[in-house]
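Source file: coords37.cif; contents: mmCIF, C-alpha atoms and all ligand atoms.
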data_run
loop_
_atom_site.label_atom_id
_atom_site.label_comp_id
_atom_site.auth_asym_id
_atom_site.auth_seq_id
_atom_site.Cartn_x
_atom_site.Cartn_y
_atom_site.Cartn_z
CA MET A 1 -95.02 -110.81 -27.11
CA GLU A 2 -94.07 -109.77 -23.59
CA ASP A 3 -90.33 -109.31 -23.12
CA THR A 4 -89.89 -111.51 -20.07
CA SER A 5 -86.24 -110.54 -19.58
CA TYR A 6 -87.25 -107.02 -18.62
CA ASN A 7 -89.65 -106.21 -15.82
CA PRO A 8 -90.19 -102.46 -15.38
CA PHE A 9 -91.89 -102.95 -12.02
CA MET A 10 -88.79 -104.66 -10.61
CA MET A 11 -86.76 -101.76 -11.95
CA ALA A 12 -89.09 -99.22 -10.26
CA GLN A 13 -88.86 -101.19 -7.01
CA LYS A 14 -85.08 -101.28 -7.22
CA GLN A 15 -85.00 -97.50 -7.63
CA PHE A 16 -87.40 -97.13 -4.69
CA ASP A 17 -85.33 -99.49 -2.49
CA ASN A 18 -82.27 -97.38 -3.17
CA ALA A 19 -84.13 -94.21 -2.11
CA ALA A 20 -85.55 -95.98 0.96
CA GLU A 21 -81.99 -96.92 2.00
CA LEU A 22 -80.72 -93.38 1.51
CA LEU A 23 -83.66 -92.02 3.56
CA GLU A 24 -83.40 -94.81 6.14
CA LEU A 25 -87.16 -95.39 5.86
CA ASP A 26 -88.83 -97.60 8.45
CA PRO A 27 -89.91 -101.12 7.35
CA ALA A 28 -93.67 -100.42 7.32
CA THR A 29 -93.30 -97.38 5.06
CA ARG A 30 -91.09 -99.43 2.74
CA ASP A 31 -93.67 -102.22 2.60
CA LEU A 32 -96.43 -99.73 1.89
CA LEU A 33 -94.66 -97.82 -0.88
CA ARG A 34 -92.98 -100.79 -2.61
CA VAL A 35 -96.30 -102.04 -4.00
CA PRO A 36 -99.47 -100.36 -5.29
CA LEU A 37 -102.37 -99.71 -2.91
CA ARG A 38 -104.90 -101.11 -5.42
CA GLU A 39 -104.98 -102.63 -8.86
CA TYR A 40 -107.71 -103.54 -11.32
CA GLN A 41 -107.39 -105.95 -14.23
CA PHE A 42 -110.35 -106.66 -16.45
CA SER A 43 -111.66 -107.69 -19.86
CA ILE A 44 -113.30 -105.28 -22.28
CA PRO A 45 -115.51 -106.90 -24.94
CA VAL A 46 -115.79 -104.81 -28.11
CA ARG A 47 -117.99 -105.58 -31.11
CA MET A 48 -115.66 -104.83 -33.98
CA ASP A 49 -116.70 -103.27 -37.29
CA ASP A 50 -116.80 -106.73 -38.92
CA GLY A 51 -119.44 -107.90 -36.40
CA GLN A 52 -117.11 -110.17 -34.38
CA VAL A 53 -116.61 -109.57 -30.64
CA LYS A 54 -113.01 -109.12 -29.57
CA ILE A 55 -111.88 -109.19 -25.93
CA PHE A 56 -109.26 -106.64 -24.85
CA ARG A 57 -107.38 -106.58 -21.53
CA GLY A 58 -107.49 -103.40 -19.45
CA PHE A 59 -105.65 -102.19 -16.33
CA ARG A 60 -105.72 -99.43 -13.74
CA VAL A 61 -103.21 -99.37 -10.91
CA GLN A 62 -103.41 -96.88 -8.03
CA HIS A 63 -100.02 -96.79 -6.41
CA ASN A 64 -100.52 -94.20 -3.68
CA ASP A 65 -103.04 -91.48 -2.85
CA ALA A 66 -101.75 -90.11 0.46
CA ARG A 67 -101.05 -86.67 -1.07
CA GLY A 68 -104.30 -86.50 -3.08
CA PRO A 69 -106.37 -88.35 -5.70
CA GLY A 70 -104.49 -90.78 -7.93
CA LYS A 71 -103.31 -89.23 -11.19
CA GLY A 72 -101.87 -90.69 -14.35
CA GLY A 73 -102.37 -91.52 -17.98
CA ILE A 74 -103.84 -94.44 -19.90
CA ARG A 75 -101.67 -96.08 -22.52
CA PHE A 76 -102.77 -97.97 -25.59
CA HIS A 77 -99.98 -100.36 -26.47
CA PRO A 78 -99.77 -103.89 -27.92
CA GLN A 79 -97.00 -104.79 -25.43
CA GLU A 80 -98.71 -103.36 -22.35
CA THR A 81 -98.38 -105.54 -19.24
CA ILE A 82 -99.54 -105.27 -15.64
CA ASN A 83 -95.92 -104.81 -14.58
CA THR A 84 -95.45 -101.85 -16.90
CA VAL A 85 -98.58 -100.23 -15.51
CA ARG A 86 -97.47 -100.93 -11.92
CA ALA A 87 -94.10 -99.29 -12.56
CA LEU A 88 -95.65 -96.32 -14.29
CA SER A 89 -98.16 -95.81 -11.44
CA MET A 90 -95.30 -95.74 -8.94
CA TRP A 91 -93.37 -93.24 -11.06
CA MET A 92 -96.52 -91.06 -11.15
CA THR A 93 -96.50 -90.91 -7.34
CA TRP A 94 -92.93 -89.60 -7.35
CA LYS A 95 -93.69 -87.28 -10.27
CA CYS A 96 -96.58 -85.52 -8.54
CA ALA A 97 -94.55 -85.28 -5.36
CA VAL A 98 -91.44 -83.80 -7.01
CA VAL A 99 -93.44 -80.92 -8.52
CA ASP A 100 -95.34 -80.66 -5.24
CA ILE A 101 -98.90 -80.89 -6.57
CA PRO A 102 -101.62 -82.38 -4.32
CA LEU A 103 -102.06 -85.62 -6.26
CA GLY A 104 -101.05 -89.26 -5.93
CA GLY A 105 -99.92 -91.79 -8.51
CA ALA A 106 -101.92 -94.07 -10.81
CA LYS A 107 -101.70 -95.45 -14.32
CA GLY A 108 -103.86 -97.36 -16.75
CA GLY A 109 -103.59 -99.22 -19.98
CA ILE A 110 -105.23 -101.38 -22.59
CA ILE A 111 -103.42 -104.05 -24.60
CA CYS A 112 -104.23 -102.91 -28.12
CA ASP A 113 -102.75 -101.31 -31.20
CA PRO A 114 -104.79 -98.28 -32.27
CA HIS A 115 -103.10 -98.40 -35.69
CA ASN A 116 -105.39 -101.36 -36.42
CA LEU A 117 -108.60 -99.98 -34.88
CA SER A 118 -111.24 -97.80 -36.52
CA LEU A 119 -112.39 -94.67 -34.67
CA LEU A 120 -115.64 -96.40 -33.75
CA GLU A 121 -113.73 -99.38 -32.30
CA GLN A 122 -111.50 -96.99 -30.34
CA GLU A 123 -114.56 -95.20 -28.97
CA LYS A 124 -116.08 -98.52 -27.83
CA LEU A 125 -112.79 -99.47 -26.18
CA CYS A 126 -112.62 -96.16 -24.28
CA ARG A 127 -116.21 -96.47 -23.12
CA GLY A 128 -115.64 -100.13 -22.17
CA TRP A 129 -112.60 -99.21 -20.05
CA ILE A 130 -114.72 -96.69 -18.13
CA ARG A 131 -117.63 -99.11 -17.69
CA GLN A 132 -115.29 -101.53 -15.92
CA LEU A 133 -113.92 -98.83 -13.63
CA ALA A 134 -116.70 -96.27 -13.19
CA LYS A 135 -117.00 -96.94 -9.44
CA ASN A 136 -113.25 -96.99 -8.78
CA VAL A 137 -112.12 -93.76 -10.45
CA GLY A 138 -113.45 -90.20 -10.18
CA PRO A 139 -112.56 -86.53 -9.66
CA LEU A 140 -111.98 -87.10 -5.94
CA SER A 141 -110.31 -90.51 -6.14
CA ASP A 142 -108.41 -91.13 -9.39
CA VAL A 143 -108.12 -88.84 -12.41
CA PRO A 144 -106.95 -90.35 -15.74
CA ALA A 145 -105.19 -88.54 -18.61
CA PRO A 146 -103.64 -89.23 -22.03
CA ASP A 147 -100.36 -91.10 -22.48
CA VAL A 148 -98.72 -93.21 -25.19
CA MET A 149 -101.11 -93.47 -28.19
CA THR A 150 -104.09 -91.88 -26.42
CA ASN A 151 -105.28 -88.32 -27.06
CA SER A 152 -107.92 -85.70 -26.21
CA GLN A 153 -110.63 -87.45 -28.24
CA HIS A 154 -110.14 -90.64 -26.21
CA MET A 155 -110.40 -88.58 -23.00
CA LEU A 156 -113.65 -86.98 -24.13
CA TRP A 157 -115.26 -90.34 -24.92
CA MET A 158 -114.18 -91.57 -21.49
CA LEU A 159 -115.58 -88.46 -19.79
CA ASP A 160 -118.85 -88.83 -21.66
CA GLU A 161 -119.22 -92.45 -20.57
CA TYR A 162 -118.37 -91.57 -16.96
CA GLU A 163 -120.91 -88.73 -16.92
CA THR A 164 -123.57 -90.95 -18.49
CA ILE A 165 -123.07 -93.60 -15.80
CA HIS A 166 -122.98 -91.14 -12.91
CA GLY A 167 -125.65 -88.76 -14.23
CA GLY A 168 -124.07 -85.31 -14.08
CA LYS A 169 -121.21 -83.22 -15.35
CA TYR A 170 -117.81 -84.01 -13.86
CA PRO A 171 -115.25 -82.15 -16.01
CA GLY A 172 -112.62 -82.61 -13.28
CA PHE A 173 -112.80 -86.39 -13.71
CA ILE A 174 -110.30 -86.55 -16.54
CA THR A 175 -107.60 -84.29 -17.99
CA GLY A 176 -106.15 -83.83 -21.45
CA LYS A 177 -109.64 -83.00 -22.75
CA PRO A 178 -110.00 -81.01 -25.97
CA VAL A 179 -109.75 -77.22 -25.58
CA GLY A 180 -113.30 -75.87 -25.51
CA MET A 181 -114.56 -79.10 -23.93
CA GLY A 182 -112.95 -78.59 -20.54
CA GLY A 183 -109.34 -78.87 -21.71
CA SER A 184 -106.59 -76.45 -20.79
CA LEU A 185 -104.67 -74.39 -23.29
CA GLY A 186 -101.06 -75.50 -23.18
CA ARG A 187 -101.78 -79.09 -22.08
CA THR A 188 -100.63 -80.56 -25.41
CA GLU A 189 -97.34 -78.68 -25.26
CA ALA A 190 -96.83 -79.07 -21.49
CA THR A 191 -94.81 -82.30 -21.24
CA GLY A 192 -92.36 -81.44 -24.01
CA TYR A 193 -92.04 -77.82 -22.90
CA GLY A 194 -91.51 -78.99 -19.32
CA VAL A 195 -88.60 -81.18 -20.43
CA MET A 196 -86.94 -78.17 -22.07
CA ILE A 197 -87.59 -75.86 -19.10
CA THR A 198 -85.55 -78.27 -16.97
CA VAL A 199 -82.87 -78.46 -19.69
CA ARG A 200 -82.72 -74.63 -19.79
CA GLU A 201 -82.18 -74.53 -16.01
CA ALA A 202 -79.59 -77.33 -16.15
CA MET A 203 -77.61 -75.52 -18.85
CA LYS A 204 -77.65 -72.30 -16.81
CA GLU A 205 -76.33 -74.24 -13.84
CA LEU A 206 -73.62 -76.01 -15.85
CA GLU A 207 -72.76 -72.75 -17.65
CA ILE A 208 -73.50 -74.18 -21.07
CA ASP A 209 -74.68 -71.75 -23.76
CA LEU A 210 -77.88 -73.44 -25.01
CA GLN A 211 -77.67 -71.58 -28.31
CA LYS A 212 -74.40 -73.33 -29.07
CA THR A 213 -75.72 -76.82 -28.31
CA THR A 214 -76.95 -79.66 -30.49
CA ALA A 215 -79.43 -82.37 -29.46
CA SER A 216 -80.67 -85.80 -30.45
CA PHE A 217 -84.16 -87.10 -29.65
CA GLN A 218 -85.65 -90.56 -29.44
CA GLY A 219 -89.27 -90.72 -30.56
CA PHE A 220 -91.35 -88.19 -32.47
CA GLY A 221 -94.62 -88.28 -30.53
CA ASN A 222 -96.24 -85.46 -28.60
CA VAL A 223 -93.49 -85.13 -25.97
CA SER A 224 -90.59 -85.08 -28.41
CA GLN A 225 -92.29 -82.75 -30.91
CA HIS A 226 -92.94 -80.09 -28.29
CA ALA A 227 -89.56 -80.52 -26.63
CA ILE A 228 -87.94 -79.89 -30.03
CA GLU A 229 -90.24 -76.90 -30.57
CA LEU A 230 -89.16 -75.12 -27.39
CA TYR A 231 -85.52 -76.15 -27.82
CA GLN A 232 -85.51 -74.56 -31.28
CA GLN A 233 -87.31 -71.45 -29.99
CA MET A 234 -84.60 -71.05 -27.34
CA GLY A 235 -81.93 -71.27 -30.06
CA GLY A 236 -80.76 -74.89 -29.81
CA THR A 237 -79.98 -77.05 -32.85
CA PRO A 238 -81.75 -80.44 -33.10
CA VAL A 239 -79.75 -82.73 -35.41
CA CYS A 240 -81.29 -86.17 -34.98
CA VAL A 241 -84.66 -87.72 -34.18
CA SER A 242 -85.80 -91.34 -34.32
CA CYS A 243 -89.28 -92.71 -34.91
CA TRP A 244 -91.12 -96.01 -35.16
CA ILE A 245 -92.41 -97.04 -38.59
CA GLN A 246 -95.43 -99.23 -37.98
CA LYS A 247 -95.57 -100.83 -41.44
CA GLU A 248 -92.00 -102.10 -41.13
CA GLN A 249 -92.21 -102.81 -37.39
CA LYS A 250 -88.91 -101.02 -36.90
CA ALA A 251 -87.44 -97.66 -35.97
CA TYR A 252 -85.21 -95.30 -37.96
CA SER A 253 -83.17 -92.25 -37.00
CA PHE A 254 -83.32 -89.15 -39.17
CA PHE A 255 -80.11 -87.12 -39.11
CA LYS A 256 -79.17 -83.71 -40.48
CA LYS A 257 -75.70 -82.53 -39.55
CA ASP A 258 -76.41 -78.80 -39.52
CA GLY A 259 -79.75 -79.12 -37.80
CA PHE A 260 -83.30 -79.63 -39.00
CA ASP A 261 -86.40 -77.51 -38.98
CA LEU A 262 -89.27 -78.94 -36.92
CA LYS A 263 -91.99 -77.46 -39.13
CA GLN A 264 -90.51 -79.13 -42.22
CA LEU A 265 -90.42 -82.46 -40.44
CA LEU A 266 -93.96 -82.14 -39.06
CA ALA A 267 -95.25 -81.52 -42.58
CA ILE A 268 -94.16 -85.06 -43.56
CA THR A 269 -95.27 -86.83 -40.33
CA ASN A 270 -98.57 -88.61 -39.67
CA HIS A 271 -100.62 -88.35 -36.46
CA PHE A 272 -98.81 -91.35 -34.93
CA GLY A 273 -95.53 -89.44 -35.25
CA GLU A 274 -94.26 -91.51 -38.20
CA ILE A 275 -91.99 -89.58 -40.53
CA ASP A 276 -92.20 -90.31 -44.27
CA LYS A 277 -88.78 -91.81 -45.07
CA ALA A 278 -88.64 -90.95 -48.77
CA LYS A 279 -89.78 -87.37 -48.26
CA ALA A 280 -87.27 -86.94 -45.42
CA GLN A 281 -84.46 -88.07 -47.72
CA ASP A 282 -85.65 -85.55 -50.32
CA LEU A 283 -85.31 -82.88 -47.60
CA GLY A 284 -81.69 -83.89 -47.06
CA PHE A 285 -82.07 -86.16 -44.01
CA GLU A 286 -79.69 -89.07 -43.69
CA LEU A 287 -81.55 -92.28 -42.80
CA LEU A 288 -79.83 -94.21 -39.98
CA PRO A 289 -80.71 -97.29 -37.88
CA GLY A 290 -83.29 -96.86 -35.12
CA ASP A 291 -80.79 -96.75 -32.25
CA ALA A 292 -78.40 -94.28 -33.98
CA TRP A 293 -80.03 -91.36 -32.14
CA LEU A 294 -78.09 -92.49 -29.04
CA GLU A 295 -74.66 -92.46 -30.73
CA GLN A 296 -74.58 -88.91 -32.03
CA ASP A 297 -71.91 -86.36 -31.06
CA VAL A 298 -74.34 -83.97 -29.43
CA ASP A 299 -74.52 -82.05 -26.13
CA LEU A 300 -78.01 -83.18 -25.18
CA LEU A 301 -79.83 -86.51 -25.45
CA VAL A 302 -83.60 -86.69 -24.99
CA PRO A 303 -85.05 -90.20 -24.85
CA ALA A 304 -88.76 -89.45 -25.35
CA ALA A 305 -90.22 -92.75 -26.53
CA LEU A 306 -90.75 -95.72 -24.22
CA GLU A 307 -89.14 -97.35 -21.18
CA ASN A 308 -86.05 -99.63 -21.31
CA GLN A 309 -84.21 -97.82 -24.12
CA ILE A 310 -80.80 -97.00 -22.63
CA THR A 311 -79.59 -100.38 -21.42
CA GLY A 312 -76.40 -101.93 -20.02
CA GLU A 313 -75.42 -102.69 -23.62
CA SER A 314 -76.40 -99.52 -25.45
CA VAL A 315 -75.17 -97.08 -22.79
CA ASN A 316 -71.57 -97.41 -23.99
CA LYS A 317 -72.55 -95.97 -27.37
CA ILE A 318 -73.20 -92.56 -25.81
CA SER A 319 -70.72 -90.01 -27.20
CA GLN A 320 -68.12 -88.32 -24.96
CA GLN A 321 -69.62 -84.99 -26.04
CA VAL A 322 -72.94 -85.62 -24.27
CA LYS A 323 -73.31 -83.44 -21.17
CA ILE A 324 -77.00 -83.77 -20.34
CA ILE A 325 -79.61 -86.52 -20.65
CA ALA A 326 -83.17 -85.27 -20.16
CA GLU A 327 -85.56 -88.20 -19.82
CA GLY A 328 -88.77 -87.24 -21.63
CA ALA A 329 -90.04 -90.83 -21.48
CA ASN A 330 -90.89 -92.74 -18.31
CA GLY A 331 -88.18 -95.23 -17.30
CA PRO A 332 -85.97 -95.01 -20.44
CA THR A 333 -82.78 -95.91 -18.53
CA THR A 334 -82.22 -99.29 -16.88
CA PRO A 335 -80.42 -99.40 -13.48
CA GLU A 336 -77.34 -101.01 -15.18
CA ALA A 337 -77.10 -98.16 -17.69
CA ASP A 338 -77.73 -95.65 -14.93
CA LEU A 339 -74.62 -96.79 -13.04
CA VAL A 340 -72.48 -96.15 -16.12
CA ILE A 341 -74.02 -92.72 -16.71
CA LYS A 342 -73.50 -91.82 -13.06
CA GLU A 343 -69.82 -92.83 -13.23
CA ARG A 344 -69.30 -90.87 -16.41
CA GLY A 345 -70.65 -87.77 -14.68
CA ILE A 346 -73.31 -87.01 -17.28
CA HIS A 347 -75.93 -84.66 -15.82
CA VAL A 348 -79.21 -86.60 -15.81
CA ILE A 349 -82.57 -84.92 -15.45
CA PRO A 350 -84.53 -87.99 -14.30
CA ASP A 351 -87.81 -88.95 -15.96
CA PHE A 352 -90.26 -88.12 -13.22
CA LEU A 353 -88.75 -84.65 -12.91
CA ALA A 354 -88.06 -83.94 -16.60
CA ASN A 355 -91.46 -85.04 -17.87
CA ALA A 356 -93.58 -83.75 -14.98
CA GLY A 357 -94.86 -80.84 -17.10
CA GLY A 358 -97.74 -82.95 -18.43
CA VAL A 359 -99.20 -83.84 -15.07
CA THR A 360 -98.53 -80.34 -13.76
CA CYS A 361 -100.65 -78.90 -16.56
CA SER A 362 -103.22 -81.65 -15.94
CA TYR A 363 -103.44 -80.35 -12.38
CA PHE A 364 -103.99 -76.83 -13.75
CA GLU A 365 -106.66 -78.25 -16.06
CA GLN A 366 -108.42 -79.90 -13.14
CA VAL A 367 -108.36 -76.64 -11.18
CA GLN A 368 -109.84 -74.78 -14.18
CA SER A 369 -112.45 -77.49 -14.77
CA ASN A 370 -113.52 -77.48 -11.14
CA GLN A 371 -113.83 -73.67 -11.15
CA ASN A 372 -115.40 -73.71 -14.61
CA TYR A 373 -113.15 -70.77 -15.49
CA TYR A 374 -110.37 -71.13 -18.06
CA TRP A 375 -107.04 -69.31 -18.16
CA ALA A 376 -105.20 -67.78 -21.11
CA LYS A 377 -102.43 -69.91 -22.61
CA GLU A 378 -99.70 -67.52 -21.40
CA GLU A 379 -101.01 -67.77 -17.84
CA THR A 380 -100.97 -71.58 -17.92
CA LEU A 381 -97.53 -71.81 -19.51
CA GLY A 382 -96.20 -69.17 -17.09
CA LYS A 383 -97.41 -71.21 -14.12
CA LEU A 384 -95.93 -74.34 -15.72
CA ASP A 385 -92.56 -72.63 -16.07
CA GLN A 386 -92.63 -71.59 -12.40
CA LYS A 387 -93.50 -75.08 -11.16
CA MET A 388 -90.94 -76.85 -13.33
CA THR A 389 -88.17 -74.37 -12.52
CA THR A 390 -88.83 -74.63 -8.79
CA ALA A 391 -88.89 -78.44 -8.95
CA TYR A 392 -85.66 -78.55 -10.95
CA LEU A 393 -83.89 -76.17 -8.55
CA ASP A 394 -85.17 -78.08 -5.48
CA VAL A 395 -83.61 -81.26 -6.85
CA SER A 396 -80.37 -79.79 -8.18
CA ASN A 397 -79.74 -77.72 -5.03
CA PHE A 398 -80.34 -80.80 -2.87
CA ALA A 399 -78.04 -82.83 -5.13
CA THR A 400 -75.26 -80.24 -4.97
CA LYS A 401 -75.57 -79.72 -1.22
CA ASN A 402 -75.44 -83.45 -0.46
CA LYS A 403 -73.13 -84.45 -3.34
CA LEU A 404 -75.80 -86.71 -4.81
CA TYR A 405 -76.55 -88.00 -8.28
CA MET A 406 -79.58 -86.14 -9.70
CA ARG A 407 -81.78 -89.27 -9.81
CA ASP A 408 -80.99 -90.08 -6.18
CA ALA A 409 -81.73 -86.50 -5.13
CA ALA A 410 -85.09 -86.48 -6.98
CA TYR A 411 -86.03 -89.84 -5.43
CA MET A 412 -85.10 -88.71 -1.94
CA ILE A 413 -87.20 -85.53 -2.15
CA SER A 414 -90.25 -87.30 -3.62
CA VAL A 415 -90.23 -90.42 -1.49
CA ASP A 416 -89.73 -88.31 1.63
CA ARG A 417 -92.77 -86.13 0.76
CA VAL A 418 -94.96 -89.19 0.17
CA ALA A 419 -93.67 -91.03 3.26
CA LYS A 420 -94.43 -87.95 5.39
CA ALA A 421 -97.98 -87.78 3.99
CA CYS A 422 -98.55 -91.46 4.82
CA LYS A 423 -97.22 -90.89 8.31
CA ALA A 424 -99.30 -87.74 8.86
CA ARG A 425 -102.43 -89.70 7.92
CA GLY A 426 -101.52 -92.38 10.45
CA TRP A 427 -101.09 -95.10 7.82
CA VAL A 428 -97.65 -96.11 9.04
N1 LIG B 501 -99.25 -89.42 -18.98
C1 LIG B 501 -98.53 -88.29 -18.47
C2 LIG B 501 -97.39 -88.73 -17.58
O1 LIG B 501 -96.89 -89.82 -17.66
C3 LIG B 501 -99.46 -87.30 -17.82
C4 LIG B 501 -100.29 -87.83 -16.71
C5 LIG B 501 -101.39 -86.90 -16.28
O2 LIG B 501 -101.52 -85.84 -16.86
O3 LIG B 501 -102.11 -87.27 -15.37
O4 LIG B 501 -96.91 -87.97 -16.80
#

So that I can check it, write out the structure of this file as structure tokens.
Amino acid sequence: MEDTSYNPFMMAQKQFDNAAELLELDPATRDLLRVPLREYQFSIPVRMDDGQVKIFRGFRVQHNDARGPGKGGIRFHPQETINTVRALSMWMTWKCAVVDIPLGGAKGGIICDPHNLSLLEQEKLCRGWIRQLAKNVGPLSDVPAPDVMTNSQHMLWMLDEYETIHGGKYPGFITGKPVGMGGSLGRTEATGYGVMITVREAMKELEIDLQKTTASFQGFGNVSQHAIELYQQMGGTPVCVSCWIQKEQKAYSFFKKDGFDLKQLLAITNHFGEIDKAKAQDLGFELLPGDAWLEQDVDLLVPAALENQITGESVNKISQQVKIIAEGANGPTTPEADLVIKERGIHVIPDFLANAGGVTCSYFEQVQSNQNYYWAKEETLGKLDQKMTTAYLDVSNFATKNKLYMRDAAYMISVDRVAKACKARGWV
């Protein structure tokens, strides 16, 4: 059911072309960075619980590794396509560059819906993905991690398969591992917390009192849940959150005018981030259509679900009250919508900056795994705060100094860092 009208890779290329123009990049560097260095597409046969063999399609795309080994998650999604993975791998390159960690960009995926797979089938799928790629990924070449619908258990199965094939222990091969099995404390919280660290800095800069703000979130997965957690801890008031209800194949928004309590909501949510509608209504939530999260009169919008959510059509539904959009998801805003947001002067914290906390903590995890020495949670989260704050200020100072839109500023800094690395290596 691929949506052929929307191609995320073309969108990522369009964003890159714009940055290349602004930076006046030479033609060879443009040609190099416009497309991935390498890509793998393969079949994964899995014997299902009913005895039948089912063939799944898997991907890994390595966009650029001039600054260090490729880095990026693996998504399980029924609508996964090679073009989505290509786009996401490119965004990973810019993400690692904007937070200035010594890693490149990669991404992987499997076309599947884990809602319909038993744990044993999921384990076989994870091991099958590694078997197809065991020679092309590794701690010194390409380091996978969790993403949409994958978690620490999936990472551990993948690590185990990799170590079985290569005969040894390679805890730095993959990140997002369970704590106690090579994982880092704080990794689960890192992406969502990172989003809110950038929001905190943006509000300071715009002289907005965070404690007087309200916010609306799209999605209720790992990123959104932890973004809401830190936002609430800092004194903000979340009023709306949307989530996907698998059984109905549609999304709903859950709204509470005076703000909701995250813990209450988590108590009625399953591990896929699906909120129980009836129980939410009992708790006083108003049930609204899936896209209503975007229309609320709030100060802060956090799209934290999938790509292609704020489009040329839906962008006009954004309330005049909205001052900041922090993109927790990768690629939630299409270029058409972006033009409107830019004109309206809404302060955007672009995806690869806002959600870089996950990969930053993955980098810390890799460092800990390679040293075989693990840090306290406070130490990890403290380092995360430093990295995210520095990255945010780098981008916003550059934007202010050069009168640039935040997305353009972030692109210029990242693409420039990667282009310089390619040049220094003599590739272009
Ligand atoms: N999947 C996350 C992202 O899109 C994290 C990637 C990683 O930790 O390597 O940034």

**Request:** Name each residue within 10 Å of ligand LIG 501 (chain B), counting only C-alpha atoms and all ligand atoms, as a PyMOL selection string.
**Result:** chain A and resi 70-75+88-89+91-93+95-96+103-108+142-148+150+174-176+187+190-191+223+328-330+351-366

Would you mind listing, for every residue of stretch 288-335 of chain A within 12 Å of stretch 82-87 of chain A, the two atoms forming the shortest contact and the distance between them in Å to one decimal, using only C-alpha atoms, sorted by chain and ascending residue number, as a tab-separated table?
residue	atom	partner	partner_atom	distance
A:Leu306	CA	A:Thr84	CA	10.6
A:Glu307	CA	A:Thr84	CA	8.9
A:Asn308	CA	A:Thr84	CA	10.6
A:Asn330	CA	A:Ala87	CA	9.3
A:Gly331	CA	A:Ala87	CA	8.6

Store the residues of this selection in a file with C-alpha atoms, as a PDB file, in the coordinates of the input.
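Done, and the output landed in result_29.pdb:
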ATOM      1  CA  LEU A 306     -90.750 -95.720 -24.220  1.00  0.00           C
ATOM      2  CA  GLU A 307     -89.140 -97.350 -21.180  1.00  0.00           C
ATOM      3  CA  ASN A 308     -86.050 -99.630 -21.310  1.00  0.00           C
ATOM      4  CA  ASN A 330     -90.890 -92.740 -18.310  1.00  0.00           C
ATOM      5  CA  GLY A 331     -88.180 -95.230 -17.300  1.00  0.00           C
TER       6      GLY A 331
END

**Prompt:** What is the atom CA of A:Ser43-atom CA of A:Gly58 distance in Å, reported with one decimal?
**Reply:**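 Spanning atom CA of A:Ser43 to atom CA of A:Gly58 is a straight-line distance of 6.0 Å.
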
**Request:** Would you kindly return, as a list in words, each protein, DNA or RNA residue with an atom no farther than 12 Å from any atom of A:His271, considering all atoms listed in the file and excluding same-chain residues fewer than 5 positions away?
**Result:** Pro114, His115, Met149, Thr150, Asn151, Phe220, Gly221, Asn222, Gln225, Leu266 and Asp276 of chain A

**Prompt:** Of the candidates A:Ile55, A:Leu206, A:Met90, A:Leu262, which one gets nearest to A:Ser414 if we count all atoms listed in the file?
**Reply:** A:Met90

**Request:** Give the answer as one residue: which of A:Ala20, A:Ala376, A:Val137, A:Ile130 has the shortest atom-to-atom distance to A:Gly183, using all atoms listed in the file?
**Result:**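 Checking each candidate against A:Gly183, we get A:Ala376 as the closest.
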
**Request:** Have a look at A:Met155, A:Ala419, A:Met181, A:Cys243 and name the one nearest to A:Glu123; count only C-alpha atoms.
**Result:** A:Met155

**Request:** Find the residues around A:Asp416 up to 10 Å (all atoms listed in the file counted), leave out those fewer than 6 positions away in its own chain, and share them as a list in words.
**Result:** Ala19, Ala20, Leu23, Leu25, Trp94, Ala97, Val98, Ala410 and Cys422 of chain A

**Item:** Radius query 10 Å about (-107.5, -100.2, -20.1), atoms used: all atoms listed in the file, as a ChimeraX atom specification
**Value:** /A:40-44,56-60,74-77,80,107-112,125-130,132-133

**Request:** Calculate how many Å separate atom CA of A:Arg38 from atom CA of A:Val61, rounding to one decimal.
**Result:** 6.0 Å
